[in-house]
Amino acid sequence: MQINRPIVLVHGLIGTLQVPDLTPHLGTGKVLAPDLLGYGTLRDAPPSEVHISAQVAHLRATLAAHFGDEAVNLVGHSTGGAVAALFAHAHPDRVHNLVSVEGNFTLNDAFWSASVARMSGDEATRMLDGFRQDPKAWLGLSGISGEPRHLAIATHWLQQQPASTLRAMAQSIVAVTGAPAYAQSLRAVFARHPVHLVAGARSRDGWDVPSWALQQAASLTVIPDTGHLMMIEQPAAFAATLRAAQAASSAPGTITY
């Protein structure tokens, strides 16, 4: 990895990748974890503007504002993995390499998004309110303990977006990953860029990575003793994995455990 290249972290369906203790472990270079439309400082974006193609355009404008035309090391988590991959497809010259952190490859990866997509507005609001009332139980869904640091992050993440954003993004990710064109776009990204795959040991088996992607990936790293939210559980290990993935050879077949 060229150390001075910016690292851009694209968050998933819930929360933000502005995680305490993460950025310091990524080194002294430029690191950006922007809010997507409907999240954080942009949480008031109308649901009609919260969808994957709009997020790709928003990411393009955000990176241009921060880094000009410089290519970045792009990291996408969960549904953010789909946003990041489609950004790389639309703007290949703006991406040096891509790290997919259990990013959505197929409709099977969107199983929870699919359930949210089918909810009414009231059902989604009740679900999110329930998570907010008991963030410890929400963490438990990913096998994470309710220690104070984890609870503080979970509480913050659950406040980052309204239920309308969850529904809109869930509906969009189901529509996008269910279309044949999505797999074609992913193949084009793998052909142009080194793509590194990162998973948590507890959640790896549930990640539906196609065999062709495993064969063509620059690397696959499974972080021990973590699940889907590994950046909450072990930010230092997660950051070290990102640094190693971005520094790794682009030759296929480099797999670490």
# chains A, B, ... in the order shown; residues from 1 in each chain; ligands from 1
call {"tool": "residues_around", "arguments": {"residues": "Val189 of chain A", "least_positions_apart": "2", "cutoff": "9 Å", "atoms": "only C-alpha atoms", "output": "ChimeraX atom specification"}}
result
/A:85-86,88-89,92,98,184-187,191-195
call {"tool": "select_by_dssp", "arguments": {"residues": "segment 16-128 of chain A", "states": "strand (DSSP E or B)", "output": "PDB file with N, CA and C atoms, in the first residue's frame"}}
result
ATOM      1  N   VAL A  31      -7.702   9.545   6.618  1.00  0.00           N
ATOM      2  CA  VAL A  31      -8.772   8.563   6.807  1.00  0.00           C
ATOM      3  C   VAL A  31     -10.099   9.308   6.826  1.00  0.00           C
ATOM      4  N   LEU A  32     -11.061   8.817   6.064  1.00  0.00           N
ATOM      5  CA  LEU A  32     -12.378   9.442   6.008  1.00  0.00           C
ATOM      6  C   LEU A  32     -13.441   8.364   6.168  1.00  0.00           C
ATOM      7  N   VAL A  72      -8.291   6.359  -4.018  1.00  0.00           N
ATOM      8  CA  VAL A  72      -8.328   6.020  -2.597  1.00  0.00           C
ATOM      9  C   VAL A  72      -8.317   4.508  -2.406  1.00  0.00           C
ATOM     10  N   ASN A  73      -7.968   4.124  -1.181  1.00  0.00           N
ATOM     11  CA  ASN A  73      -8.149   2.746  -0.740  1.00  0.00           C
ATOM     12  C   ASN A  73      -9.534   2.680  -0.108  1.00  0.00           C
ATOM     13  N   LEU A  74     -10.453   1.975  -0.756  1.00  0.00           N
ATOM     14  CA  LEU A  74     -11.862   2.002  -0.399  1.00  0.00           C
ATOM     15  C   LEU A  74     -12.242   0.759   0.394  1.00  0.00           C
ATOM     16  N   VAL A  75     -12.920   0.967   1.526  1.00  0.00           N
ATOM     17  CA  VAL A  75     -13.346  -0.118   2.410  1.00  0.00           C
ATOM     18  C   VAL A  75     -14.854  -0.035   2.575  1.00  0.00           C
ATOM     19  N   GLY A  76     -15.570  -1.121   2.286  1.00  0.00           N
ATOM     20  CA  GLY A  76     -17.018  -1.131   2.439  1.00  0.00           C
ATOM     21  C   GLY A  76     -17.463  -2.263   3.332  1.00  0.00           C
ATOM     22  N   HIS A  77     -18.304  -1.950   4.310  1.00  0.00           N
ATOM     23  CA  HIS A  77     -18.797  -2.944   5.262  1.00  0.00           C
ATOM     24  C   HIS A  77     -20.266  -3.255   4.993  1.00  0.00           C
ATOM     25  N   VAL A  95     -10.352   4.630  -7.509  1.00  0.00           N
ATOM     26  CA  VAL A  95     -10.145   3.551  -6.538  1.00  0.00           C
ATOM     27  C   VAL A  95      -8.834   2.847  -6.825  1.00  0.00           C
ATOM     28  N   HIS A  96      -7.970   2.803  -5.808  1.00  0.00           N
ATOM     29  CA  HIS A  96      -6.707   2.055  -5.918  1.00  0.00           C
ATOM     30  C   HIS A  96      -6.941   0.590  -5.618  1.00  0.00           C
ATOM     31  N   ASN A  97      -7.571   0.297  -4.512  1.00  0.00           N
ATOM     32  CA  ASN A  97      -8.007  -1.071  -4.229  1.00  0.00           C
ATOM     33  C   ASN A  97      -9.252  -1.037  -3.365  1.00  0.00           C
ATOM     34  N   LEU A  98      -9.897  -2.189  -3.261  1.00  0.00           N
ATOM     35  CA  LEU A  98     -11.178  -2.301  -2.558  1.00  0.00           C
ATOM     36  C   LEU A  98     -11.074  -3.386  -1.504  1.00  0.00           C
ATOM     37  N   VAL A  99     -11.549  -3.087  -0.298  1.00  0.00           N
ATOM     38  CA  VAL A  99     -11.659  -4.082   0.766  1.00  0.00           C
ATOM     39  C   VAL A  99     -13.141  -4.275   1.061  1.00  0.00           C
ATOM     40  N   SER A 100     -13.633  -5.472   0.857  1.00  0.00           N
ATOM     41  CA  SER A 100     -15.024  -5.797   1.152  1.00  0.00           C
ATOM     42  C   SER A 100     -15.085  -6.515   2.496  1.00  0.00           C
ATOM     43  N   VAL A 101     -15.684  -5.852   3.471  1.00  0.00           N
ATOM     44  CA  VAL A 101     -15.802  -6.409   4.825  1.00  0.00           C
ATOM     45  C   VAL A 101     -17.198  -7.016   4.946  1.00  0.00           C
TER      46      VAL A 101
END
call {"tool": "atom_distance", "arguments": {"atom1": "atom CA of Ile52 of chain A", "atom2": "atom CA of Leu197 of chain A"}}
result
20.7 Å
call {"tool": "closest_residue", "arguments": {"among": "A:Ala61, A:Leu220, A:Ala179, A:Ala237", "to": "Pro34 of chain A", "atoms": "only C-alpha atoms"}}
result
A:Ala61
call {"tool": "atom_distance", "arguments": {"atom1": "atom CA of Ala213 of chain A", "atom2": "atom CA of Ala82 of chain A"}}
result
13.9 Å
call {"tool": "select_by_dssp", "arguments": {"residues": "segment 65-94 of chain A", "states": "alpha helix (DSSP H)", "output": "MDAnalysis selection string"}}
result
chainID A and resid 65:67 79:90
call {"tool": "closest_residue", "arguments": {"among": "A:Pro47, A:Arg167, A:Phe190, A:Leu214", "to": "Ser120 of chain A", "atoms": "only C-alpha atoms"}}
result
A:Arg167
call {"tool": "residues_around", "arguments": {"residues": "Gln160 of chain A", "least_positions_apart": "6", "cutoff": "9 Å", "atoms": "only C-alpha atoms", "output": "PyMOL selection string"}}
result
chain A and resi 14-16+38-41+43
call {"tool": "residues_around", "arguments": {"residues": "Ile144 of chain A", "least_positions_apart": "2", "cutoff": "10 Å", "atoms": "only C-alpha atoms", "output": "NGL selection string"}}
result
:A and (136-142 or 146-147 or 150-151 or 226-230 or 232-233)
call {"tool": "atom_distance", "arguments": {"atom1": "atom CA of Gln234 of chain A", "atom2": "atom CA of Ser145 of chain A"}}
result
11.8 Å
call {"tool": "closest_residue", "arguments": {"among": "A:Pro24, A:Gly121, A:Pro6, A:Gly81", "to": "Glu102 of chain A", "atoms": "only C-alpha atoms"}}
result
A:Gly81
call {"tool": "residues_around", "arguments": {"residues": "Asn104 of chain A", "least_positions_apart": "5", "cutoff": "9 Å", "atoms": "only C-alpha atoms", "output": "PyMOL selection string"}}
result
chain A and resi 77-82+109-110+173+177+207-209
call {"tool": "write_last_selection", "arguments": {"atoms": "N, CA and C atoms", "output": "compact mmCIF listing (two decimals), in the first residue's frame"}}
result
# COMPACT_ATOMS: atom_id res chain seq x y z
N HIS A 77 -18.30 -1.95 4.31
CA HIS A 77 -18.80 -2.94 5.26
C HIS A 77 -20.27 -3.26 4.99
N SER A 78 -20.59 -4.54 4.86
CA SER A 78 -21.97 -5.01 4.73
C SER A 78 -22.65 -4.35 3.53
N THR A 79 -23.79 -3.64 3.70
CA THR A 79 -24.40 -2.99 2.56
C THR A 79 -23.47 -1.92 1.98
N GLY A 80 -22.61 -1.36 2.83
CA GLY A 80 -21.60 -0.42 2.33
C GLY A 80 -20.63 -1.08 1.39
N GLY A 81 -20.49 -2.40 1.48
CA GLY A 81 -19.66 -3.12 0.52
C GLY A 81 -20.23 -3.04 -0.88
N ALA A 82 -21.56 -3.07 -0.98
CA ALA A 82 -22.20 -2.92 -2.29
C ALA A 82 -22.04 -1.50 -2.81
N ASP A 109 -26.93 -12.47 0.87
CA ASP A 109 -26.29 -11.65 1.88
C ASP A 109 -27.23 -10.59 2.44
N ALA A 110 -28.30 -10.32 1.73
CA ALA A 110 -29.24 -9.28 2.15
C ALA A 110 -30.44 -9.87 2.88
N ILE A 173 -30.99 -2.23 -1.52
CA ILE A 173 -29.98 -3.28 -1.57
C ILE A 173 -30.57 -4.60 -2.07
N THR A 177 -28.91 -6.10 -5.47
CA THR A 177 -28.19 -7.38 -5.42
C THR A 177 -29.00 -8.51 -6.05
N TRP A 207 -21.50 -15.64 5.03
CA TRP A 207 -21.19 -14.68 3.96
C TRP A 207 -21.17 -15.41 2.64
N ASP A 208 -22.07 -15.04 1.74
CA ASP A 208 -22.26 -15.77 0.48
C ASP A 208 -21.34 -15.21 -0.60
N VAL A 209 -20.05 -15.52 -0.47
CA VAL A 209 -19.07 -15.08 -1.47
C VAL A 209 -19.01 -16.11 -2.59
